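Worksheet: the structure to be examined is printed underneath.
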Amino acid sequence: MSTESQSGPRVYLETYGCQMNIADSQTVNAVLRRAGYSSAERPEDADVILLNTCAIREHAEERVLGRLSDLARLKSRRPELKLGLLGCMAQHNRATLVEKASYLDLVAGPDSYRRLPEMLRNASFDPAVDVRLDRGETYADITPDHDGSIRAYVTAMRGCDKFCTFCVVPYVRGRERSIAPDDLLREIRELAARGVKEIVLLGQTVNAYRHGASDFGALLRMVARVDGVERIRFTSPHPSDINDSLIDAMTTEPKVQPYLHLPVQSGSDRILAAMDRGYTVAEYCSLVERLRRAIPALALSTDIIVGFHGEDDSDFRATLSLVAEIGYDSAFTFKYSVRENTRAHKLGDSVSDEEKGRRLSELIALQEKISLDRNLTNIGQLFKVLVEGPARRGNAMLAGKTPQFKTAVFPAVEGIRVGATIAVRVESATAHSLICSLVA
Ligand code: SF4
């Protein structure tokens, strides 16, 4: 949202959770800017404070409730300040939120952002609540406010039809809807014209994308034709929806980068069935084999949940074996957190928190070792890196991503600018980054 015009009410927006939420916040900013709002850098300077929230894990919800009660203190000093909760948590806890946080002026689910200006106008006495799910809402006509970086996240489809037993997403984000290729291409052309080099297509199951005759592979091929776009990524694909068209786009379109985040969740068939993931371990492994045959430079990451209801030690050992067998480049690992309103909620939570913690530590230790081993094999190799900015470690170093989405760190030499693609050689590695020298 513009900070230039300070005439309208000022909004401070804080975002929690996944990339979809970050992209949604850019849509919220665009909606409010159109309605005359401007943005505030700090909650203290705002007339409206909005938290865009995540409901995937209980811990995320607790964090937001803690933050809300901090912000409520600002409101007690300035009663005219409006405080609102957006996103998945608003949708998930709609029945109890206004009771738990009586100071809230506004509660809006992910399909209600278009109505935010009207809701803010109506939130004078009673809280404005709108958590209707809308099968038709894609926000296709609203160009999100991009943050000016070289990478832009573009929502290609919303919602999910998979209904994995542990997951709230289909209930809080509704059913799958894909955005028309023409609308996506218009947004991507605008982004490219503003200097964006890398497009990340988003969707809860992004490769379930379908619009008319276009599947996700066809969409990738169309995005690859946009001048100025140099790299294309997407997240997160579902293993069951990987098809020949997608693999073909990854092998024939050089802009589509050789990296896949392919959530597996468990290495035990029994647990995969209880989660209703729609594939077996053998099917997942043969998919990985097929992908690696087609795309030899492919890097893989995954999501894994430990301690799902009924997971015993042998199930957990099966997960460790799968992780070792596949050799992921990285993994996002989580303790199972029972979510109300999901199918698994009524099953219970048979694994103690202590045991979940123990399993998580063992899994993380294994994955760290594998990540390090895989990164060490990159020593001596050359990569093209898209320069993103200063490295976290400082010391006059810059950072960017390799095609495999690994963080490369290299010397900040005069003349290297953000958004350039440069060649680097890997000199050493940690589990999380490649330390590189510049190649002339
Ligand atoms: S595929 Fe499963 S885990 Fe992913 S968003 Fe859909 S229901 Fe949730």
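Naming scheme: A, B, ... for chains in displayed order of the structure tokens; residues 1 onward per chain; ligands 1 onward as shown.
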If you count only C-alpha atoms, which residues fall within 8 Å of Asp111 (chain A), apart from same-chain ones fewer than 3 positions away, as a PDB file with C-alpha atoms, in the first residue's frame?
```pdb
ATOM      1  CA  ALA A 108     -12.849 -11.394   8.150  1.00  0.00           C
ATOM      2  CA  ARG A 114     -13.101  -7.272  -0.973  1.00  0.00           C
ATOM      3  CA  VAL A 131     -16.480 -15.353   7.302  1.00  0.00           C
ATOM      4  CA  ARG A 132     -18.583 -16.525   4.361  1.00  0.00           C
ATOM      5  CA  LEU A 133     -16.683 -18.841   2.045  1.00  0.00           C
ATOM      6  CA  ASP A 134     -17.270 -17.898  -1.560  1.00  0.00           C
ATOM      7  CA  GLU A 137     -13.925 -15.393  -5.083  1.00  0.00           C
ATOM      8  CA  ARG A 173      -9.975 -21.480   2.610  1.00  0.00           C
TER       9      ARG A 173
END
```
Exercise. Within 7 Å of Thr421 (chain A), counting only C-alpha atoms, which residues qualify if same-chain residues fewer than 5 places away don't, as a list of chain:residue names?
Worked result: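 So, after excluding close chain neighbours, the residues are A:Lys384, A:Val385, A:Leu386, A:Val387.
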For this session: For Tyr171 (chain A), list every protein, DNA or RNA residue within 12 Å, evaluated using only C-alpha atoms, and leave out those in the same chain fewer than 3 positions away; present the list as number ranges by chain.
Result: A: 55-56, 87-94, 109-111, 131-134, 159-168, 174-176, 339-343
As a tab-separated table (two decimals) with N, CA and C atoms, in the first residue's frame, list the residues of region 188-359 of chain A assigned to strand (DSSP E) by DSSP on the backbone atoms of this structure.
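Final output, selection_2.tsv:
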```tsv
chain	number	residue	atom	x	y	z
A	198	GLU	N	11.72	-13.10	-10.73
A	198	GLU	CA	11.33	-14.48	-10.39
A	198	GLU	C	9.88	-14.51	-9.95
A	199	ILE	N	9.09	-15.39	-10.57
A	199	ILE	CA	7.68	-15.54	-10.23
A	199	ILE	C	7.51	-16.87	-9.50
A	200	VAL	N	6.84	-16.82	-8.36
A	200	VAL	CA	6.50	-18.05	-7.64
A	200	VAL	C	4.98	-18.20	-7.68
A	201	LEU	N	4.52	-19.21	-8.41
A	201	LEU	CA	3.07	-19.45	-8.50
A	201	LEU	C	2.63	-20.19	-7.23
A	202	LEU	N	1.56	-19.69	-6.64
A	202	LEU	CA	1.11	-20.24	-5.36
A	202	LEU	C	-0.24	-20.93	-5.47
A	210	ARG	N	-6.46	-25.89	-12.76
A	210	ARG	CA	-7.11	-26.19	-14.04
A	210	ARG	C	-8.06	-25.06	-14.38
A	211	HIS	N	-7.90	-24.51	-15.57
A	211	HIS	CA	-8.84	-23.48	-16.03
A	211	HIS	C	-9.12	-23.75	-17.49
A	214	SER	N	-6.60	-25.53	-19.78
A	214	SER	CA	-5.22	-25.34	-19.30
A	214	SER	C	-5.00	-26.03	-17.96
A	215	ASP	N	-4.02	-26.93	-17.93
A	215	ASP	CA	-3.63	-27.51	-16.64
A	215	ASP	C	-2.38	-26.75	-16.15
A	231	ARG	N	12.96	-16.49	-13.95
A	231	ARG	CA	12.85	-17.75	-13.21
A	231	ARG	C	11.41	-17.97	-12.79
A	232	ILE	N	10.99	-19.23	-12.82
A	232	ILE	CA	9.63	-19.57	-12.39
A	232	ILE	C	9.73	-20.72	-11.38
A	233	ARG	N	9.04	-20.54	-10.27
A	233	ARG	CA	8.94	-21.60	-9.27
A	233	ARG	C	7.47	-21.74	-8.91
A	234	PHE	N	7.15	-22.74	-8.11
A	234	PHE	CA	5.77	-22.89	-7.66
A	234	PHE	C	5.75	-23.69	-6.36
A	235	THR	N	4.72	-23.43	-5.55
A	235	THR	CA	4.58	-24.15	-4.30
A	235	THR	C	3.15	-24.08	-3.82
A	259	TYR	N	13.53	-27.32	-8.92
A	259	TYR	CA	13.31	-27.45	-7.48
A	259	TYR	C	11.85	-27.77	-7.23
A	260	LEU	N	11.61	-28.75	-6.35
A	260	LEU	CA	10.22	-29.12	-6.01
A	260	LEU	C	10.10	-29.28	-4.50
A	261	HIS	N	9.08	-28.63	-3.95
A	261	HIS	CA	8.73	-28.89	-2.56
A	261	HIS	C	7.58	-29.90	-2.62
A	299	ALA	N	16.36	-30.48	-7.09
A	299	ALA	CA	16.47	-30.49	-5.62
A	299	ALA	C	15.07	-30.69	-5.06
A	300	LEU	N	15.01	-31.41	-3.94
A	300	LEU	CA	13.72	-31.74	-3.35
A	300	LEU	C	13.67	-31.31	-1.90
A	301	SER	N	12.54	-30.73	-1.51
A	301	SER	CA	12.29	-30.52	-0.08
A	301	SER	C	10.92	-31.10	0.23
A	302	THR	N	10.59	-31.15	1.51
A	302	THR	CA	9.33	-31.80	1.88
A	302	THR	C	8.78	-31.25	3.19
A	303	ASP	N	7.56	-31.66	3.51
A	303	ASP	CA	6.97	-31.40	4.83
A	303	ASP	C	6.76	-32.75	5.51
A	304	ILE	N	7.06	-32.82	6.79
A	304	ILE	CA	6.83	-34.06	7.55
A	304	ILE	C	6.19	-33.72	8.90
A	305	ILE	N	5.16	-34.48	9.24
A	305	ILE	CA	4.52	-34.34	10.55
A	305	ILE	C	4.94	-35.55	11.39
A	306	VAL	N	5.41	-35.31	12.61
A	306	VAL	CA	5.69	-36.45	13.51
A	306	VAL	C	4.63	-36.48	14.59
A	330	SER	N	16.20	-30.42	1.85
A	330	SER	CA	15.79	-29.80	3.11
A	330	SER	C	14.38	-30.28	3.44
A	331	ALA	N	13.97	-30.05	4.70
A	331	ALA	CA	12.64	-30.50	5.09
A	331	ALA	C	12.07	-29.56	6.15
A	332	PHE	N	10.77	-29.32	6.07
A	332	PHE	CA	10.05	-28.58	7.10
A	332	PHE	C	9.36	-29.63	7.97
A	333	THR	N	9.72	-29.65	9.24
A	333	THR	CA	9.25	-30.73	10.11
A	333	THR	C	8.40	-30.15	11.25
A	334	PHE	N	7.36	-30.87	11.61
A	334	PHE	CA	6.40	-30.34	12.59
A	334	PHE	C	5.94	-31.44	13.52
A	335	LYS	N	5.59	-31.01	14.75
A	335	LYS	CA	4.89	-31.92	15.66
A	335	LYS	C	3.41	-31.86	15.32
```
Exercise. So which residues touch Tyr16 (chain A) within 10 Å, counting only C-alpha atoms, skipping near sequence neighbours fewer than 3 positions away, as a VMD selection string?
Worked result: chain A and resid 19 21 to 22 25 51 to 55 60 to 61 63 to 64 87 to 88
Would you save the residues of that selection, restricted to N, CA and C atoms, as a short mmCIF file (atom, residue, chain, number, x, y, z; two decimals), in the first residue's frame?
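Printed below is out.cif as written:
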```
data_model
loop_
_atom_site.label_atom_id
_atom_site.label_comp_id
_atom_site.auth_asym_id
_atom_site.auth_seq_id
_atom_site.Cartn_x
_atom_site.Cartn_y
_atom_site.Cartn_z
N GLN A 19 3.22 -18.50 2.54
CA GLN A 19 3.33 -17.57 1.41
C GLN A 19 1.97 -17.14 0.90
N ASN A 21 -0.56 -16.47 2.64
CA ASN A 21 -1.00 -15.36 3.48
C ASN A 21 -0.26 -14.07 3.13
N ILE A 22 1.03 -14.20 2.81
CA ILE A 22 1.79 -13.01 2.41
C ILE A 22 1.17 -12.43 1.13
N SER A 25 -2.07 -10.74 1.93
CA SER A 25 -1.89 -9.42 2.55
C SER A 25 -1.64 -8.36 1.47
N LEU A 51 -4.42 -8.11 11.67
CA LEU A 51 -3.51 -9.25 11.71
C LEU A 51 -4.05 -10.30 10.74
N ASN A 52 -3.22 -10.67 9.76
CA ASN A 52 -3.62 -11.72 8.81
C ASN A 52 -3.02 -13.03 9.31
N THR A 53 -3.88 -13.98 9.66
CA THR A 53 -3.46 -15.08 10.55
C THR A 53 -3.47 -16.45 9.89
N CYS A 54 -2.89 -17.40 10.64
CA CYS A 54 -2.74 -18.79 10.18
C CYS A 54 -3.38 -19.71 11.22
N ALA A 55 -4.03 -20.79 10.76
CA ALA A 55 -4.69 -21.70 11.70
C ALA A 55 -4.15 -23.11 11.62
N ALA A 60 0.53 -21.41 16.39
CA ALA A 60 0.40 -20.18 15.59
C ALA A 60 -0.77 -19.36 16.12
N GLU A 61 -1.84 -20.04 16.48
CA GLU A 61 -3.02 -19.33 16.99
C GLU A 61 -2.72 -18.68 18.34
N ARG A 63 0.12 -17.65 19.41
CA ARG A 63 0.98 -16.47 19.17
C ARG A 63 0.14 -15.26 18.79
N VAL A 64 -0.83 -15.47 17.93
CA VAL A 64 -1.66 -14.36 17.47
C VAL A 64 -2.52 -13.83 18.62
N GLY A 87 -8.08 -13.76 7.83
CA GLY A 87 -7.42 -14.99 7.41
C GLY A 87 -7.95 -16.25 8.04
N CYS A 88 -7.09 -17.28 8.03
CA CYS A 88 -7.53 -18.64 8.36
C CYS A 88 -8.00 -18.76 9.81
#
```
Exercise. What lies within 7 Å of region 268-276 of chain A using only C-alpha atoms, ignoring chain neighbours under 2 positions off, as a ChimeraX atom specification?
Worked result: /A:164-166,266,278,280-281,311,315,318-319
Problem set entry | Surrounding residues of Leu83 (chain A) excluding itself and chain neighbours under 4 positions, 8 Å, only C-alpha atoms, as a list in words | Val48, Ile49, Leu50, Ala72, Lys75, Tyr103, Leu104, Asp105 and Leu106 of chain A
Next, the residues of the selection above should be written as a CSV table (one decimal), in the first residue's frame with C-alpha atoms.
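What ended up in again_17.csv:
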```csv
chain,number,residue,atom,x,y,z
A,48,VAL,CA,-6.6,0.4,11.8
A,49,ILE,CA,-4.5,-2.6,12.9
A,50,LEU,CA,-5.1,-5.9,11.0
A,72,ALA,CA,-5.6,-4.3,22.8
A,75,LYS,CA,-6.8,0.3,21.8
A,103,TYR,CA,-12.0,-5.8,21.8
A,104,LEU,CA,-12.0,-6.9,18.1
A,105,ASP,CA,-13.8,-4.6,15.7
A,106,LEU,CA,-13.6,-6.8,12.7
```
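If only C-alpha atoms are the atoms counted, then among A:Asp183, A:Asp145, A:Glu99, A:Asp312 the closest residue to Pro127 (chain A) is A:Glu99.
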For this session: Enumerate as a PyMOL selection string all residues of region 222-312 of chain A assigned to helix (DSSP H, G or I) by DSSP on the backbone, naming them with the chain letters and numbers the document uses.
Result: chain A and resi 222-224+239-241+244-252+269-275+281-294
Could you save those same residues with N, CA and C atoms as a compact mmCIF listing (two decimals), in the first residue's frame?
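Output (selection.txt):
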```
# COMPACT_ATOMS: atom_id res chain seq x y z
N MET A 222 2.93 -20.96 -20.38
CA MET A 222 2.49 -19.60 -20.73
C MET A 222 3.31 -18.56 -19.96
N VAL A 223 3.56 -18.82 -18.68
CA VAL A 223 4.31 -17.85 -17.87
C VAL A 223 5.75 -17.74 -18.42
N ALA A 224 6.26 -18.86 -18.91
CA ALA A 224 7.63 -18.85 -19.45
C ALA A 224 7.75 -17.96 -20.69
N PRO A 239 1.71 -34.53 -4.41
CA PRO A 239 2.27 -35.66 -5.17
C PRO A 239 1.25 -36.30 -6.11
N SER A 240 -0.02 -36.39 -5.69
CA SER A 240 -1.02 -37.08 -6.53
C SER A 240 -1.34 -36.31 -7.80
N ASP A 241 -1.03 -35.03 -7.84
CA ASP A 241 -1.39 -34.21 -9.01
C ASP A 241 -0.20 -33.93 -9.94
N ASP A 244 2.33 -35.76 -16.49
CA ASP A 244 3.33 -35.65 -17.56
C ASP A 244 3.46 -34.21 -18.04
N SER A 245 2.34 -33.49 -18.06
CA SER A 245 2.36 -32.12 -18.56
C SER A 245 3.27 -31.25 -17.68
N LEU A 246 3.17 -31.44 -16.37
CA LEU A 246 4.01 -30.67 -15.44
C LEU A 246 5.48 -31.07 -15.60
N ILE A 247 5.74 -32.36 -15.65
CA ILE A 247 7.13 -32.82 -15.79
C ILE A 247 7.71 -32.32 -17.12
N ASP A 248 6.88 -32.36 -18.15
CA ASP A 248 7.33 -31.88 -19.47
C ASP A 248 7.70 -30.39 -19.40
N ALA A 249 6.86 -29.59 -18.70
CA ALA A 249 7.17 -28.15 -18.60
C ALA A 249 8.47 -27.95 -17.83
N MET A 250 8.69 -28.78 -16.80
CA MET A 250 9.93 -28.63 -16.02
C MET A 250 11.16 -29.03 -16.82
N THR A 251 10.99 -29.94 -17.76
CA THR A 251 12.17 -30.40 -18.52
C THR A 251 12.42 -29.55 -19.76
N THR A 252 11.37 -28.95 -20.32
CA THR A 252 11.57 -28.25 -21.59
C THR A 252 11.62 -26.73 -21.46
N ASP A 269 2.93 -46.30 5.51
CA ASP A 269 1.67 -46.43 4.74
C ASP A 269 0.45 -46.36 5.65
N ARG A 270 0.58 -46.93 6.85
CA ARG A 270 -0.55 -46.92 7.79
C ARG A 270 -0.93 -45.47 8.14
N ILE A 271 0.09 -44.66 8.41
CA ILE A 271 -0.18 -43.26 8.79
C ILE A 271 -0.64 -42.46 7.58
N LEU A 272 -0.04 -42.72 6.42
CA LEU A 272 -0.48 -42.00 5.20
C LEU A 272 -1.96 -42.28 4.93
N ALA A 273 -2.38 -43.55 5.17
CA ALA A 273 -3.79 -43.89 4.96
C ALA A 273 -4.65 -43.16 5.99
N ALA A 274 -4.17 -43.13 7.25
CA ALA A 274 -4.95 -42.44 8.31
C ALA A 274 -5.04 -40.94 8.02
N MET A 275 -4.02 -40.41 7.37
CA MET A 275 -4.04 -38.98 7.00
C MET A 275 -4.85 -38.75 5.72
N VAL A 281 3.80 -45.08 0.24
CA VAL A 281 5.24 -44.77 0.23
C VAL A 281 5.85 -45.21 -1.11
N ALA A 282 5.45 -46.41 -1.59
CA ALA A 282 6.03 -46.91 -2.85
C ALA A 282 5.66 -45.99 -4.00
N GLU A 283 4.43 -45.51 -4.02
CA GLU A 283 4.01 -44.60 -5.11
C GLU A 283 4.79 -43.29 -5.05
N TYR A 284 4.97 -42.79 -3.84
CA TYR A 284 5.72 -41.53 -3.68
C TYR A 284 7.17 -41.73 -4.16
N CYS A 285 7.77 -42.86 -3.74
CA CYS A 285 9.18 -43.10 -4.13
C CYS A 285 9.30 -43.25 -5.64
N SER A 286 8.32 -43.92 -6.26
CA SER A 286 8.47 -44.09 -7.72
C SER A 286 8.25 -42.76 -8.43
N LEU A 287 7.42 -41.88 -7.85
CA LEU A 287 7.26 -40.54 -8.42
C LEU A 287 8.60 -39.77 -8.35
N VAL A 288 9.26 -39.86 -7.18
CA VAL A 288 10.55 -39.16 -7.03
C VAL A 288 11.55 -39.70 -8.04
N GLU A 289 11.54 -41.02 -8.24
CA GLU A 289 12.46 -41.63 -9.20
C GLU A 289 12.20 -41.08 -10.61
N ARG A 290 10.91 -41.01 -10.94
CA ARG A 290 10.52 -40.51 -12.27
C ARG A 290 10.96 -39.06 -12.44
N LEU A 291 10.75 -38.26 -11.40
CA LEU A 291 11.13 -36.84 -11.47
C LEU A 291 12.64 -36.69 -11.61
N ARG A 292 13.37 -37.49 -10.84
CA ARG A 292 14.84 -37.35 -10.89
C ARG A 292 15.40 -37.84 -12.22
N ARG A 293 14.74 -38.84 -12.80
CA ARG A 293 15.18 -39.30 -14.13
C ARG A 293 14.97 -38.19 -15.16
N ALA A 294 13.81 -37.53 -15.05
CA ALA A 294 13.48 -36.49 -16.05
C ALA A 294 14.29 -35.21 -15.82
```
Problem set entry | Option closest in space to Ala365 (chain A), from A:Val338, A:Ile379, A:Leu68, A:Val323 [counting only C-alpha atoms] |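 Of A:Val338, A:Ile379, A:Leu68, A:Val323, the one nearest Ala365 (chain A) is A:Val323, counting only C-alpha atoms.
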Can you pull out the residues contacting Val31 (chain A)? Cut-off 8 Å, using only C-alpha atoms, and skip same-chain residues under 6 positions away; I want them as a CSV table (one decimal) with N, CA and C atoms, in the first residue's frame.
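What ended up in out.csv:
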```
chain,number,residue,atom,x,y,z
A,113,TYR,N,-12.1,-10.3,1.8
A,113,TYR,CA,-11.2,-9.1,1.8
A,113,TYR,C,-11.8,-7.9,0.9
A,114,ARG,N,-12.5,-8.3,-0.1
A,114,ARG,CA,-13.1,-7.3,-1.0
A,114,ARG,C,-14.0,-6.3,-0.2
A,116,LEU,N,-13.7,-5.4,3.0
A,116,LEU,CA,-13.1,-4.8,4.1
A,116,LEU,C,-13.4,-3.3,4.3
A,117,PRO,N,-13.3,-2.5,3.2
A,117,PRO,CA,-13.6,-1.1,3.5
A,117,PRO,C,-15.0,-0.9,4.1
A,142,ILE,N,-8.0,-7.9,-8.9
A,142,ILE,CA,-7.3,-7.0,-8.0
A,142,ILE,C,-5.8,-7.3,-8.1
```
Problem set entry | Length of the CA of Leu120 (chain A) to CA of Glu14 (chain A) vector [Å] |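 Atom-to-atom, CA of Leu120 (chain A) and CA of Glu14 (chain A) are spaced 16.8 Å apart.
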Exercise. What gap, in Å, lies between CA of Glu414 (chain A) and CA of Ala440 (chain A)?
Worked result: 13.3 Å
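Distances here use only C-alpha atoms and all ligand atoms; by that measure, the residue among A:Leu185, A:Ala208, A:Val154, A:Ala396 closest to ligand 1 is A:Ala208.
The gap separating CA of Val424 (chain A) from CA of Leu382 (chain A) is 5.6 Å, in Å to one decimal.
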